[in-house]
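K.L.:
Provided herewith is a single structure, encoded as structure tokens, for subsequent inquiry.
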Amino acid sequence: MSDDAQLRVKIVTKLARKPVVGSHKKRVDTVKNWFATDDQGRVEDLVREMIRNPDAPLEGYGGSRDNVRLTGVEDAKRYIEERGGDLPWGLRD
């Protein structure tokens with residue numbers, strides 16, 4: 001799996017662990033700050049890319065594209081599993 005693919009899975013995993021769905025949203029800056037300083041620029045780019053990708057479980061929320069949330073917990077679980085990631089403890093069946 002490429003570095004970007006691994007980061008995408010980590011982003012979705014962190015959002016699913018919270019869980020950031022429904023009216024619960026996070027700013028893109030908040031999400032990128034969950035990662036190591038060296039990765040933050042790439043994480044921001046990937047989050048914005050995933051918002052535009054209809055196959056990714058992220059969506060922009062509200063009047064600002066700087067807010068992000070998952071399209072749903074099940075969507076996040078499917079995304080993580082399909083890409084070989086480990087589900088967060090609270091999401092395992």
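Starting from 1 in every chain, residues are counted up; chains themselves are A, B, ... following the order of the structure tokens, and ligands are numbered from 1 as listed.
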Set the distance at 9 Å and use only C-alpha atoms: which residues neighbour range 54-56 of chain A once local chain neighbours fewer than 2 positions away are removed? I'd like the list as a list in words.
P.N.:
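Contacts, in chain order: Val12, Met50, Ile51, Arg52, Leu58, Glu59, Leu70, Thr71, Asp75, Ala76 and Tyr79 of chain A.
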K.L.:
Write out as an MDAnalysis selection string which residues come within 9 Å of range 39-47 of chain A when counting only C-alpha atoms, dropping same-chain ones fewer than 6 positions away.
P.N.:
chainID A and resid 4 7:8 11 28:29 31:33 58 68
K.L.:
Ala16 in chain A: which residues within 9 Å, counting only C-alpha atoms, same-chain residues fewer than 6 positions away excluded, as a list of chain:residue names?
P.N.:
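Contacts, with the query itself left out: A:Leu70, A:Gly72, A:Val73, A:Ala76, A:Lys77, A:Leu87, A:Pro88, A:Leu91.
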K.L.:
Could you write out the selected residues, including C-alpha atoms, as an mmCIF file, in the first residue's frame?
P.N.:
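Result saved to part_23.cif:
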```
data_model
loop_
_atom_site.group_PDB
_atom_site.id
_atom_site.type_symbol
_atom_site.label_atom_id
_atom_site.label_comp_id
_atom_site.auth_asym_id
_atom_site.auth_seq_id
_atom_site.Cartn_x
_atom_site.Cartn_y
_atom_site.Cartn_z
ATOM 1 C CA LEU A 70 -17.768 10.942 7.661
ATOM 2 C CA GLY A 72 -21.420 7.279 7.962
ATOM 3 C CA VAL A 73 -19.761 4.847 10.336
ATOM 4 C CA ALA A 76 -15.925 4.260 7.120
ATOM 5 C CA LYS A 77 -15.748 0.632 8.277
ATOM 6 C CA LEU A 87 -10.829 -1.254 12.518
ATOM 7 C CA PRO A 88 -10.693 0.828 15.689
ATOM 8 C CA LEU A 91 -16.062 -0.470 15.631
#
```
K.L.:
Could you tell me, as a PyMOL selection string, which residues of chain A DSSP assigns to strand (DSSP E or B) when given the backbone?
P.N.:
chain A and resi 26-27+58-61+64-70
K.L.:
What does the distance between CA of Asp3 in chain A and CA of Lys25 in chain A come to in Å, to one decimal place?
P.N.:
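If I compute the distance from CA of Asp3 in chain A to CA of Lys25 in chain A, I get 25.5 Å.
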